[in-house]
Structure formats: structure tokens, C-alpha cells
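Data block below; observations after.
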Amino acid sequence: MVNDKMENVQDKIQDMDASTREAFEKDRKDIADDLRGLRDNIDSKLNDVNVKLAKTDLKASERADQEAMKAELEQEKAKVSSQLDRVEGATTSTWNDVKTEANKTSEDVKTWWGKLKDNVDKKTSVDHDKDGH
């Protein structure tokens with residue numbers, strides 16, 4: 001009888017562990033996918049900037065703007081890539097801290113990205129992101 005109760009407790013612990021592990025894996029995948037999406041967007045914009053910089057007829061002021069944009073993009077990409085590495089290497093014991101930092105990085109980069117789009121809209125007087133700015 002005691003053995004039966006012990007087995008039931010052990011089964012519940014294993015079920016809970018599997019459930020917790022499954023939730024952790026899903027959460028980690030979702031956050032990693034979000035960070036990969038941000039990194040891909042940055043890579044795309046970085047590619048556009050590099051194409052512009054490759055032009056030989058670019059005005060000095062435009063070249064300076066593009067160089068500054070490239071530096072900013074590379075900085076944001078480094079943040080996202082670093083955080084993605086941490087998310088992918090996280091364990092259940094480190095997950096809470098990693099998750100908090102990853103979410104903060106994601107929100108910071110999304111805010112930066114939104115400001116970047118607004119600045120482009122202001123410079124070109126075209127509302128590319130259709131947000132009214």
C-alpha cells in the first residue's frame with residue numbers, strides 16, 4: 001500500500017516534470033523565433049544599406065548617413081544574436097533570468113525599430129509603415 005502511494009507520487013512528479021519541460025521548450029522556441037525574426041529584419045535592412053554603400057555616386061552626406069545606419073544595425077544585431085545564443089543555451093534552472101532578459105531585449109529592439117521607421121518616414125515624407133507618422 002505504501003509502495004502504491006509512492007509510485008503514484010513518483011508518477012505525478014514525472015508528469016509534472018514532463019509538463020514543465022514541455023512548457024519550457026515551447027516558451028524557449030517562441031522567444032527564439034521572435035529573436036530570429038528581429039535578426040532577419042535587421043539583416044535585410046543591413047543588406048539594403050550595404051547595397052547603397054556600394055554605389056560610387058553616393059553623396060558624402062548620404063554615405064555618412066548610411067555608415068551611421070550600418071553601425072546602428074550591427075549594434076542591434078549583436079544584441080539580438082547574443083540574446084538568441086543565451087536563449088538557445090538556457091536550461092530550466094536559468095530560464096527565468098534568460099527569459100526576462102530576452103523579452104527586454106526584444107522589446108528594446110522593437111522600440112528602436114519603430115523609431116527607425118518613423119525617422120525614415122520623416123526624412124522621406126512617405127509613411128512606409130502606414131502608422132500615420
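By order of appearance in the C-alpha cells: chains A, B, ..., then residues from 1 within every chain, and ligands from 1 in the order shown.
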Practice item. With a distance cut-off of 8 Å and only C-alpha atoms, select the neighbouring residues of stretch 94-103 of chain A, excluding the residue or stretch itself and same-chain residues fewer than 2 positions from it, and output the selection as a ChimeraX atom specification. Key: /A:24,28,31,83-84,86-87,90-92,105-107
Residues of stretch 21-58 of chain A at most 8 Å from stretch 76-79 of chain A: nearest atom pair and distance in Å, only C-alpha atoms, as a tab-separated table:
residue	atom	partner	partner_atom	distance
A:Arg39	CA	A:Lys77	CA	5.9
A:Ile42	CA	A:Lys77	CA	6.4
A:Asp43	CA	A:Lys77	CA	7.7
Go ahead and write the residues just picked, C-alpha atoms, as a tab-separated table (two decimals), in the first residue's frame.
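The resulting file, result.tsv, is shown below:
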chain	number	residue	atom	x	y	z
A	39	ARG	CA	17.60	39.39	-36.58
A	42	ILE	CA	17.91	43.67	-39.27
A	43	ASP	CA	19.87	41.55	-41.77
Check your understanding: Could you state the separation of atom CA of A:Leu73 and atom CA of A:Leu46 in Å, given to one decimal place?
Key ->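 It comes out at 6.4 Å.
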**Study point:** Selection: 9 Å around A:Lys70, only C-alpha atoms, excl. self and same-chain fewer than 4 positions, as JSON, numbers by chain
**Key:** {"A": [45, 46, 49, 50, 65, 66, 74, 75]}
